Amino acid sequence: MDPGLRRDDGLMGDHDLIGRNRLKTAALNGGALAQWRKWAPLAVLLALCILISLFNGNFLTIGNFIRLLNSAAIPLVLCMGATFIILMGSIDLSVEGIVALTAVMVSLLVTNDISPYAIGLFAVPLAVIAGGVMGLLNGLLHVKLKTPSFMTTLGVGFAGVGIAMAVLGGDTVRISDQTFRFLSLGRPLGIPMAVWIAIASVAIAFIIQERTRLGRWLYAIGTDEMTARHAGIPIERTRILIFTVAGLFYGLGGVLSAAQFGQGHALISQGRLFTTITAVVVGGTALSGGVGSVLNSVIGVMIVVVLANGLVLMGVEPYVQQGVQGLLIIAAVALALDRSRLEVVK
Amino acid sequence: MMPPVLELRGVSKSFPGVKALDDVSFAINKSEVVGLIGENGAGKSSLLKVLNGIYQPDRGEILVNGQAIRIVSPRLAFDSGIAMVFQEQSILPTLTVAENIFLGREEEFLRYGLISKARMNEAAAVELKKVRLACHPGTRCADLSFADRQMVEIAKALSLDSRIKGDVTILLDEPTSVVERKEVDLLFEIVRDLKQRASIVFISHRLEEVLDISDRVYVMRDGKVVKELGSGEATVKDLHQHMVGRQLHHEYYREARQAAPSSQVVLSCNGLCKEGAFSNISFPLHAGEIIGIAGVIGSGREDLARCLAGHSPADRGTLTVDGSVVRFGAPHEAARKGIGLVPSERKTEGQVSAFTVAENMTLAALPKYVASGILRFAAEHATAQEWIGRLKIKTPSTATMVGSLSGGNQQKVVLAKWRVAGVRVLILDHPTRGIDVGAKEDVYELVRDMTAEGMAVILLGDTLEEVIGLSNRILVMRDGEVTATFEAPPGGKPAQVDLIRHMV
Amino acid sequence: MTAGKPFSPAVKSSVNRRALLKGAAGAAAVAAVARSFPMPAIAQETTWTLANSMRSVANPYHATFAKGGEDFAKTVGAKFETLVTDGNSEKGISDIKALLQRTGGKLILNVDPNDSPDARVIVEEVKKAGGFVVTQWNKPDDLHPWDFDPNYVAHMSFDGVPTAEAIANALFAAFGGEGGIVALGGILSNVPAIERKLGLDNAIAKTNGKVKLLDFQPADWNEQKAFDITQAWITRFGDEVKGVFAANDGMGMGALEALRQNGLAGKVPVVGIDGIDAAVKAIEAGEFAGTVAWDPLWTGGMGLAIPYAHVTGKIDITKEPKEHREFYGTGIIVTKDTVADYKNNPPKTDFGDLWGKATGQIQYRS
């Protein structure tokens with residue numbers, strides 16, 4: 001039998017120092033590299049910031065920083081939900097549908113020019129819960145009918161936009177409730193209210209991820225569902241719950257969208273899905289599940305937002321912008337990826 | 001007389017076309033270590049899955065302390081005092097050691113719905129002490145070695161012991177198949193220690209180990225328990241006979257068939273170096289020769305094997321194949337030069353499980369089965385048929401998915417793949433890992449067949465015994481260098497201790 | 001379009017059903033809601049079916065376009081259907097084919113093709129089936145109604161160049177005619193986007209350097225993108241920006257909200273095009289300097305009225321001059337000064353006056 005010398009174990013009176021040390025070094029090397037990769041998205045973000053500020057000094061002003069955060073607020077909230085789903089190894093394409101539906105719903109419930117309801121800020125929890133219900137629907141259909149999350153959420157997303165259209169018939173609701181609009185326009189401590197809400201969302205998402213069973217289990221499911229099942233984790237319930245939580249975040253995103261534009265219409269969320277998924281992936285969360293974090297997504301969102309802002313600041317030709325954006329996103333993902341452990345890419 | 005802590009009475013379980021368990025009765029008494037052996041496909045895994053609540057039996061009952069219970073989920077099994085250490089590791093690399101140990105049972109660390117990591121790590125440290133694993137409970141399992149992860153797995157099962165009021169039964173499924181001698185000794189120490197508090201079912205391919213550790217042994221074959229015997233009254237040979245249902249009529253490693261290699265050098269290394277893996281490796285490999293490489297994990301032998309097979313190029317030195325110097329950038333370049341690797345991770349590297357037997361066999365030689373861009377299925381089928389016969393592969397047809405075959409037969413398909421591709425140098429990395437005794441012998445027989453036909457083999461054995469038994473020559477590696485070379489002619493094999501001295 | 005309350009209940013319900021059915025593909029639960037909507041009552045006195053086809057009813061322009069068709073169908077008591085492409089050319093064409101099949105070719109179609117090349121396929125299908133078609137906005141330059149007599153009745157469009165030029169001038173006037181502006185464009189390859197950019201460029205050129213285009217960015221007709229780009233502009237140009245030109249009102253609204261976030265709403269004027277309700281209200285609030293109202297009620301109804309006049313023998317379309325076969329409609333410039341008048345006296349449509357609002361034959365600039 002081959003003697004194994006793999007444990008750094010004082011109890012064993014191990015006499016072989018050479019083998020042991022060698023392995024320790026190897027582990028450290030691998031560790032250091034992994035550590036570096038972990039920080040790659042942040043490095044990309046910083047490099048981007050430095051590059052842009054070289055071209056345009058205005059980039060590094062407090063005013064612009066606040067504007068960046070303001071642009072990032074809604075994507076951040078959406079990404080908190082989407083990150084959970086992706087960590088679980090699923091995908092959620094219902095972002096736009098749920099945001100549209102909840103934005104329309106909240107704008108009809110506060111003081112507006114179409115419907116008579118004017119329940120003010122009470123509309124906010126209602127819309128967030130409506131998002132949760134749509135997420136619950138995602139989860140139930142996905143788990144109970146065993147349809148792939150890709151198709152299920154696509155369908156629910158269409159349904160969301162469809163209902164929003166049906167309710168408004170193509171119209172736009174104009175919100176005149178100034179208290180509600182405070183959610184976007186208010187500036188406690190000089191920072192837009194939407195940013196405070198986004199920060200709170202990140203904090204909540206981080207606590208869910210790190211300190212709750214739900215967070216633990218979604219990593220387990222995303223890494224290896226069979227093993228998670230064997231460990232006695234209620235897979236179905238966890239999946240449904242995670243989709244619901246994601247729906248709640250999208251609902252909040254819908255509320256913030258309505259507050260930001262002072263209106264609600266079925267197309268208010270156009271383009272949000274792409275930004276959301278891109279930000280999650282650029283942040284270093286693997287689409288295969290199990291690897292990543294909501295904090296990664298915060299970096300991802302900032303990369304996407306800073307990039308869009310920076311390309312305008314640097315005066316890059318509009319025709320070139322999309323290409324540059326695409327290339328930089330691929331570069332960011334490539335840097336964060338541990339190719340040494342990845343022999344098969346699908 | 002106390003009832004057994006765990007008992008199965010007449011348990012049967014069928015799947016379409018297979019009777020996985022056939023009227024199995026089985027009992028474990030308090031503080032007893034029971035061995036469970038059987039060839040792959042004998043029903044051991046099904047039995048474990050029934051006990052773990054993953055399968056529901058069609059008939060029969062399960063009793064815990066004399067009470068009949070129904071185990072409908074892994075969690076319920078756990079709460080009934082049955083913990084399992086899986087053969088396929090169930091440690092999640094993305095979670096920490098502590099998170100893995102308490103996965104699915106976090107509630108004891110909850111406070112206001114939030115998990116206390118500190119308390120969880122503390123509790124995990126207690127369990128880690130039981131398996132004498134000196135790593136921090138907050139370490140991510142991806143950063144642990146395979147054997148350490150196995151220990152975490154065992155710690156996970158042991159955590160039950162302090163959390164269940166009643167008796168605890170721990171099912172160890174092949175806990176030693178991939179760990180090495182020192183870990184095995186440690187594991188046995190732990191098992192003996194555990195006997196004070198728990199009953200243990202020990203499942204292994206290594207019959208000596210089973211005899212060594214168990215009080216009683218159950219032998220399974222074809223879904224039935226065919227024999228129950230006290231370990232004092234049995235020998236490895238007995239167990240083997242009951243398991244395979246036939247006599248051990250050959251000598252194990254077929255030393256009699258070991259022929260002297262020809263003088264023709266098919267491959268030679270000259271001062272091969274790879275930063276951080278191995279250095280200054282030189283040896284010739286002759287047609288018909290088996291060179292065994294012995295070394296502990298981290299000795300660089302795996303890296304060397306992968307380098308020779310073109311998975312990663314060497315930094316310095318030359319590799320000569322058939323007299324010309326080569327440098328491989330990718331495995332297919334090595335394959336073109338007639339070098340094939342049978343990797344140790346059969347399921348992920350050696351085969352495409354969802355491909356048929358025939359498709360797997362022709363995978364490395366596909367161009368031969370293509371006529372003007374179209375696959376010639378008839379030719380593929382004929383080849384597959386031929387090799388199924390030659391290697392005695394047990395498969396219903398050439399169109400069976402490889403993943404559904406037993407481990408031994410899967411390995412034969414992998415070997416057939418390289419022979420179809422016409423390789424002349426085969427690198428075998430743990431070719432018998434995780435396959436049962438009968439299939440092992442078949443593999444040894446095949447290796448002898450191949451060398452008789454003039455193929456050369458580089459063997460990274462599963463055990464030292466295997467390396468010594470099969471090889472013509474043995475290189476011992478340590479820290480990336482060859483520390484000794486032994487000739488191993490039939491009848492003049494070196495002793496294990498001699499090799500070990502150069503390994504550590 | 002009538003500002004404020006654009007929908008009669010009947011139209012709303014038919015529109016709603018359509019959108020709901022679409023959603024129902026995703027969730028069975030939605031179907032239950034759909035059933036609670038009443039079926040529209042359909043008068044059936046003529047054998048001809050009238051239909052309007054467009055991208056979706058989720059935008060006010062197309063919703064009103066559909067209503068124009070419905071209004072006309074009511075005046076003649078014909079069956080009316082709304083077809084929606086959802087931005088999918090395949091779907092748009094196959095829906096039209098199905099309707100041609102169902103009506104046995106007795107179909108009068110007023111279509112805003114999803115994409116220019118679709119127009120040819122649609123025209124050919126309609127001709128084959130013996131129906132009549134009017135196209136709006138999008139068609140290949142070499143496809144002409146007179147080449148498919150009599151089935152391809154007419155093509156209607158709005159000239160983006162003079163429209164954009166006029167609204168740009170309204171913007172310049174709002175900030176005093178001197179200073180820098182920024183401009184948000186549509187999707188770079190869209191014909192209206194190109195025309196509106198050209199109109200803006202013309203207007204700037206005519207100021208002899210008094211107005212400077214600081215930056216032009218395509219925001220792809222997207223409110224959100226417009227918001228983010230405008231934020232970046234505020235950083236980059238600060239108070240150099242005297243006005244924001246948006247190639248449509250949606251982007252204009254996005255820009256306006258970005259200005260509002262920075263305390264600039266009402267201080268930096270914005271103009272848009274399309275005349276959506278929100279833009280009209282923003283003009284009243286003094287935050288928008290102007291918009292251009294198309295007349296989708298007119299295009300939606302007249303695209304049916306002209307072919308209907310032909311099939312009922314009132315006119316012979318093959319004998320009409322080219323400026324009656326390919327023509328521009330009239331955009332209404334709405335500014336702070338005219339907004340009250342626009343709201344009080346919404347543009348009226350007389351379905352008997354077939355070419356009263358036409359403003360000349362279509363010009364091909366490329």
# chains A, B, ... in the order shown; residues from 1 in each chain; ligands from 1
call {"tool": "residues_around", "arguments": {"residues": "Met226 (chain A)", "least_positions_apart": "4", "cutoff": "12 Å", "atoms": "only C-alpha atoms", "output": "JSON, numbers by chain"}}
result
{"A": [220, 221, 222, 230, 231, 232, 233, 234, 235], "B": [54, 74, 86, 88, 89, 90, 91, 92]}
call {"tool": "residues_around", "arguments": {"residues": "Arg325 (chain C)", "least_positions_apart": "6", "cutoff": "10 Å", "atoms": "only C-alpha atoms", "output": "PyMOL selection string"}}
result
chain C and resi 134+144-146+152-156+306+317-318+355+361-362
call {"tool": "write_last_selection", "arguments": {"atoms": "C-alpha atoms", "output": "PDB file, in the first residue's frame"}}
result
ATOM      1  CA  VAL C 134     -51.800  50.117 -47.028  1.00  0.00           C
ATOM      2  CA  HIS C 144     -44.069  50.993 -54.796  1.00  0.00           C
ATOM      3  CA  PRO C 145     -47.869  50.727 -54.630  1.00  0.00           C
ATOM      4  CA  TRP C 146     -48.263  51.319 -58.379  1.00  0.00           C
ATOM      5  CA  TYR C 152     -51.185  47.718 -52.874  1.00  0.00           C
ATOM      6  CA  VAL C 153     -53.190  50.825 -52.343  1.00  0.00           C
ATOM      7  CA  ALA C 154     -50.794  53.238 -50.653  1.00  0.00           C
ATOM      8  CA  HIS C 155     -47.820  53.808 -48.374  1.00  0.00           C
ATOM      9  CA  MET C 156     -47.958  56.454 -45.661  1.00  0.00           C
ATOM     10  CA  ILE C 306     -58.589  54.825 -48.712  1.00  0.00           C
ATOM     11  CA  ILE C 317     -56.912  53.926 -56.853  1.00  0.00           C
ATOM     12  CA  THR C 318     -55.052  52.990 -60.037  1.00  0.00           C
ATOM     13  CA  TRP C 355     -55.841  63.117 -48.670  1.00  0.00           C
ATOM     14  CA  GLN C 361     -44.969  62.633 -52.117  1.00  0.00           C
ATOM     15  CA  ILE C 362     -42.364  60.643 -50.246  1.00  0.00           C
TER      16      ILE C 362
END
call {"tool": "residues_around", "arguments": {"residues": "Leu47 (chain B)", "least_positions_apart": "4", "cutoff": "8 Å", "atoms": "only C-alpha atoms", "output": "PyMOL selection string"}}
result
chain B and resi 21+43+51
call {"tool": "write_last_selection", "arguments": {"atoms": "N, CA and C atoms", "output": "tab-separated table (two decimals), in the first residue's frame"}}
result
chain	number	residue	atom	x	y	z
B	21	LEU	N	-32.33	-6.12	-4.90
B	21	LEU	CA	-32.27	-6.77	-3.60
B	21	LEU	C	-33.32	-7.88	-3.59
B	43	GLY	N	-25.50	-5.68	-5.02
B	43	GLY	CA	-26.64	-5.15	-4.29
B	43	GLY	C	-26.28	-4.34	-3.06
B	51	LEU	N	-31.43	1.77	3.23
B	51	LEU	CA	-31.22	2.15	4.63
B	51	LEU	C	-31.16	3.66	4.81
call {"tool": "closest_residue", "arguments": {"among": "C:Ala205, C:Met251, C:Val133, C:Val280", "to": "Leu109 (chain C)", "atoms": "only C-alpha atoms"}}
result
C:Val133
call {"tool": "residues_around", "arguments": {"residues": "Asp193 (chain B)", "least_positions_apart": "4", "cutoff": "12 Å", "atoms": "only C-alpha atoms", "output": "PyMOL selection string"}}
result
chain B and resi 31-33+130-131+158+186-189+197-200+213
call {"tool": "write_last_selection", "arguments": {"atoms": "N, CA and C atoms", "output": "PDB file, in the first residue's frame"}}
result
ATOM      1  N   SER B  31     -22.724  -2.158  19.197  1.00  0.00           N
ATOM      2  CA  SER B  31     -21.268  -2.170  19.285  1.00  0.00           C
ATOM      3  C   SER B  31     -20.625  -3.278  18.460  1.00  0.00           C
ATOM      4  N   GLU B  32     -21.193  -3.480  17.327  1.00  0.00           N
ATOM      5  CA  GLU B  32     -20.640  -4.512  16.470  1.00  0.00           C
ATOM      6  C   GLU B  32     -20.161  -3.862  15.172  1.00  0.00           C
ATOM      7  N   VAL B  33     -19.081  -4.417  14.625  1.00  0.00           N
ATOM      8  CA  VAL B  33     -18.671  -3.978  13.298  1.00  0.00           C
ATOM      9  C   VAL B  33     -18.983  -5.108  12.336  1.00  0.00           C
ATOM     10  N   LYS B 130     -12.385  13.938  16.352  1.00  0.00           N
ATOM     11  CA  LYS B 130     -12.667  12.501  16.352  1.00  0.00           C
ATOM     12  C   LYS B 130     -11.952  11.797  15.196  1.00  0.00           C
ATOM     13  N   VAL B 131     -11.825  12.483  14.075  1.00  0.00           N
ATOM     14  CA  VAL B 131     -11.116  11.855  12.953  1.00  0.00           C
ATOM     15  C   VAL B 131      -9.683  12.368  12.871  1.00  0.00           C
ATOM     16  N   LEU B 158     -19.973  10.892  12.050  1.00  0.00           N
ATOM     17  CA  LEU B 158     -19.730  10.767  13.491  1.00  0.00           C
ATOM     18  C   LEU B 158     -20.485  11.825  14.288  1.00  0.00           C
ATOM     19  N   LEU B 186      -5.608   4.808  10.471  1.00  0.00           N
ATOM     20  CA  LEU B 186      -6.271   5.811  11.309  1.00  0.00           C
ATOM     21  C   LEU B 186      -7.766   5.535  11.369  1.00  0.00           C
ATOM     22  N   LEU B 187      -8.304   5.247  10.188  1.00  0.00           N
ATOM     23  CA  LEU B 187      -9.737   4.986  10.123  1.00  0.00           C
ATOM     24  C   LEU B 187     -10.103   3.810  11.016  1.00  0.00           C
ATOM     25  N   PHE B 188      -9.280   2.758  10.966  1.00  0.00           N
ATOM     26  CA  PHE B 188      -9.568   1.570  11.775  1.00  0.00           C
ATOM     27  C   PHE B 188      -9.500   1.895  13.258  1.00  0.00           C
ATOM     28  N   GLU B 189      -8.550   2.718  13.580  1.00  0.00           N
ATOM     29  CA  GLU B 189      -8.434   3.156  14.963  1.00  0.00           C
ATOM     30  C   GLU B 189      -9.724   3.868  15.387  1.00  0.00           C
ATOM     31  N   ARG B 197     -19.551   3.292  21.148  1.00  0.00           N
ATOM     32  CA  ARG B 197     -20.786   4.059  21.133  1.00  0.00           C
ATOM     33  C   ARG B 197     -21.711   3.704  19.979  1.00  0.00           C
ATOM     34  N   ALA B 198     -21.171   3.095  18.932  1.00  0.00           N
ATOM     35  CA  ALA B 198     -21.986   2.920  17.736  1.00  0.00           C
ATOM     36  C   ALA B 198     -21.770   1.550  17.112  1.00  0.00           C
ATOM     37  N   SER B 199     -22.687   1.213  16.259  1.00  0.00           N
ATOM     38  CA  SER B 199     -22.517   0.011  15.449  1.00  0.00           C
ATOM     39  C   SER B 199     -22.099   0.459  14.062  1.00  0.00           C
ATOM     40  N   ILE B 200     -21.303  -0.381  13.427  1.00  0.00           N
ATOM     41  CA  ILE B 200     -20.747   0.063  12.162  1.00  0.00           C
ATOM     42  C   ILE B 200     -20.915  -1.006  11.087  1.00  0.00           C
ATOM     43  N   ILE B 213     -11.160  -5.671  10.392  1.00  0.00           N
ATOM     44  CA  ILE B 213     -11.928  -4.757  11.241  1.00  0.00           C
ATOM     45  C   ILE B 213     -13.249  -5.342  11.742  1.00  0.00           C
TER      46      ILE B 213
END
call {"tool": "interface_residues", "arguments": {"of": "chain B", "to": "chain A", "cutoff": "6 Å", "atoms": "only C-alpha atoms", "output": "PDB file with N, CA and C atoms, in the first residue's frame"}}
result
ATOM      1  N   PRO B  74     -33.433  10.814   3.618  1.00  0.00           N
ATOM      2  CA  PRO B  74     -32.120  10.750   4.274  1.00  0.00           C
ATOM      3  C   PRO B  74     -32.181  11.386   5.659  1.00  0.00           C
ATOM      4  N   ARG B  75     -32.978  12.414   5.767  1.00  0.00           N
ATOM      5  CA  ARG B  75     -33.073  13.102   7.039  1.00  0.00           C
ATOM      6  C   ARG B  75     -33.688  12.187   8.105  1.00  0.00           C
ATOM      7  N   SER B  90     -19.733  12.914  -0.775  1.00  0.00           N
ATOM      8  CA  SER B  90     -20.844  13.852  -0.745  1.00  0.00           C
ATOM      9  C   SER B  90     -20.416  15.138  -0.061  1.00  0.00           C
ATOM     10  N   GLY B 104     -27.753  20.626   6.167  1.00  0.00           N
ATOM     11  CA  GLY B 104     -29.102  20.098   6.329  1.00  0.00           C
ATOM     12  C   GLY B 104     -29.522  19.994   7.776  1.00  0.00           C
ATOM     13  N   LEU B 114     -30.827  33.102  12.325  1.00  0.00           N
ATOM     14  CA  LEU B 114     -29.510  33.268  11.710  1.00  0.00           C
ATOM     15  C   LEU B 114     -28.540  32.215  12.258  1.00  0.00           C
ATOM     16  N   ILE B 115     -27.679  31.744  11.373  1.00  0.00           N
ATOM     17  CA  ILE B 115     -26.723  30.722  11.770  1.00  0.00           C
ATOM     18  C   ILE B 115     -25.549  31.378  12.487  1.00  0.00           C
ATOM     19  N   ALA B 134      -6.554  17.885  11.434  1.00  0.00           N
ATOM     20  CA  ALA B 134      -6.159  19.155  12.023  1.00  0.00           C
ATOM     21  C   ALA B 134      -6.318  20.290  11.030  1.00  0.00           C
ATOM     22  N   GLU B 180      -5.082   5.970   1.514  1.00  0.00           N
ATOM     23  CA  GLU B 180      -3.930   5.102   1.526  1.00  0.00           C
ATOM     24  C   GLU B 180      -3.679   4.538   2.919  1.00  0.00           C
ATOM     25  N   ARG B 181      -2.662   3.724   2.972  1.00  0.00           N
ATOM     26  CA  ARG B 181      -2.458   2.882   4.156  1.00  0.00           C
ATOM     27  C   ARG B 181      -2.566   3.617   5.496  1.00  0.00           C
ATOM     28  N   LYS B 182      -1.931   4.765   5.530  1.00  0.00           N
ATOM     29  CA  LYS B 182      -1.891   5.460   6.807  1.00  0.00           C
ATOM     30  C   LYS B 182      -3.284   5.908   7.231  1.00  0.00           C
ATOM     31  N   VAL B 296       4.248   8.309  -3.102  1.00  0.00           N
ATOM     32  CA  VAL B 296       3.078   8.806  -2.383  1.00  0.00           C
ATOM     33  C   VAL B 296       2.428   9.899  -3.216  1.00  0.00           C
ATOM     34  N   THR B 463      -2.262  -0.114  -5.479  1.00  0.00           N
ATOM     35  CA  THR B 463      -1.551  -0.480  -4.248  1.00  0.00           C
ATOM     36  C   THR B 463      -0.116  -0.818  -4.618  1.00  0.00           C
ATOM     37  N   LEU B 464       0.741  -0.780  -3.643  1.00  0.00           N
ATOM     38  CA  LEU B 464       2.135  -1.147  -3.882  1.00  0.00           C
ATOM     39  C   LEU B 464       2.221  -2.580  -4.363  1.00  0.00           C
TER      40      LEU B 464
END
call {"tool": "closest_residue", "arguments": {"among": "B:Ser279, B:Ser231, B:Gln411, B:Ser25", "to": "Ser12 (chain B)", "atoms": "only C-alpha atoms"}}
result
B:Ser25
call {"tool": "interface_residues", "arguments": {"of": "chain A", "to": "chain C", "cutoff": "8 Å", "atoms": "only C-alpha atoms", "output": "VMD selection string"}}
result
chain A and resid 56 58 to 59 63 to 64 67 71 152 154 to 163 165 to 172 174 185 260 to 262 265 to 271 308 to 310 312 to 313 315 318
call {"tool": "decode", "arguments": {"residues": "region 102-123 of chain A", "atoms": "N, CA and C atoms", "output": "short mmCIF file (atom, residue, chain, number, x, y, z; two decimals), in the first residue's frame"}}
result
data_model
loop_
_atom_site.label_atom_id
_atom_site.label_comp_id
_atom_site.auth_asym_id
_atom_site.auth_seq_id
_atom_site.Cartn_x
_atom_site.Cartn_y
_atom_site.Cartn_z
N THR A 102 -44.81 45.03 -11.38
CA THR A 102 -44.85 45.69 -10.08
C THR A 102 -44.74 47.20 -10.22
N ALA A 103 -44.00 47.65 -11.25
CA ALA A 103 -43.90 49.10 -11.47
C ALA A 103 -45.26 49.66 -11.85
N VAL A 104 -45.96 48.95 -12.73
CA VAL A 104 -47.29 49.40 -13.14
C VAL A 104 -48.24 49.36 -11.94
N MET A 105 -48.12 48.26 -11.18
CA MET A 105 -49.01 48.11 -10.03
C MET A 105 -48.81 49.24 -9.03
N VAL A 106 -47.56 49.50 -8.69
CA VAL A 106 -47.32 50.52 -7.67
C VAL A 106 -47.73 51.90 -8.19
N SER A 107 -47.52 52.13 -9.50
CA SER A 107 -47.86 53.46 -10.00
C SER A 107 -49.37 53.66 -10.05
N LEU A 108 -50.13 52.56 -10.15
CA LEU A 108 -51.58 52.69 -10.13
C LEU A 108 -52.12 52.85 -8.72
N LEU A 109 -51.31 52.43 -7.74
CA LEU A 109 -51.80 52.48 -6.36
C LEU A 109 -51.47 53.79 -5.64
N VAL A 110 -50.43 54.47 -6.09
CA VAL A 110 -50.15 55.77 -5.49
C VAL A 110 -50.94 56.83 -6.27
N THR A 111 -50.87 58.07 -5.84
CA THR A 111 -51.63 59.11 -6.53
C THR A 111 -51.14 59.20 -7.97
N ASN A 112 -52.08 59.08 -8.93
CA ASN A 112 -51.68 59.07 -10.34
C ASN A 112 -52.80 59.61 -11.19
N ASP A 113 -52.56 59.63 -12.51
CA ASP A 113 -53.54 60.27 -13.39
C ASP A 113 -54.52 59.28 -14.02
N ILE A 114 -54.49 58.01 -13.63
CA ILE A 114 -55.39 57.04 -14.27
C ILE A 114 -56.35 56.42 -13.26
N SER A 115 -55.79 55.89 -12.17
CA SER A 115 -56.67 55.18 -11.24
C SER A 115 -56.95 56.05 -10.02
N PRO A 116 -58.04 55.78 -9.34
CA PRO A 116 -58.43 56.62 -8.21
C PRO A 116 -57.69 56.26 -6.91
N TYR A 117 -56.95 55.15 -6.89
CA TYR A 117 -56.31 54.75 -5.64
C TYR A 117 -55.20 55.72 -5.31
N ALA A 118 -55.01 55.98 -4.06
CA ALA A 118 -53.90 56.85 -3.65
C ALA A 118 -53.49 56.42 -2.26
N ILE A 119 -52.99 55.21 -2.17
CA ILE A 119 -52.70 54.68 -0.83
C ILE A 119 -51.28 55.01 -0.40
N GLY A 120 -50.58 55.78 -1.22
CA GLY A 120 -49.26 56.27 -0.82
C GLY A 120 -48.27 55.14 -0.62
N LEU A 121 -47.46 55.25 0.41
CA LEU A 121 -46.36 54.30 0.61
C LEU A 121 -46.84 52.88 0.95
N PHE A 122 -48.12 52.75 1.31
CA PHE A 122 -48.62 51.38 1.53
C PHE A 122 -48.54 50.55 0.24
N ALA A 123 -48.49 51.25 -0.88
CA ALA A 123 -48.41 50.56 -2.17
C ALA A 123 -47.08 49.81 -2.29
#
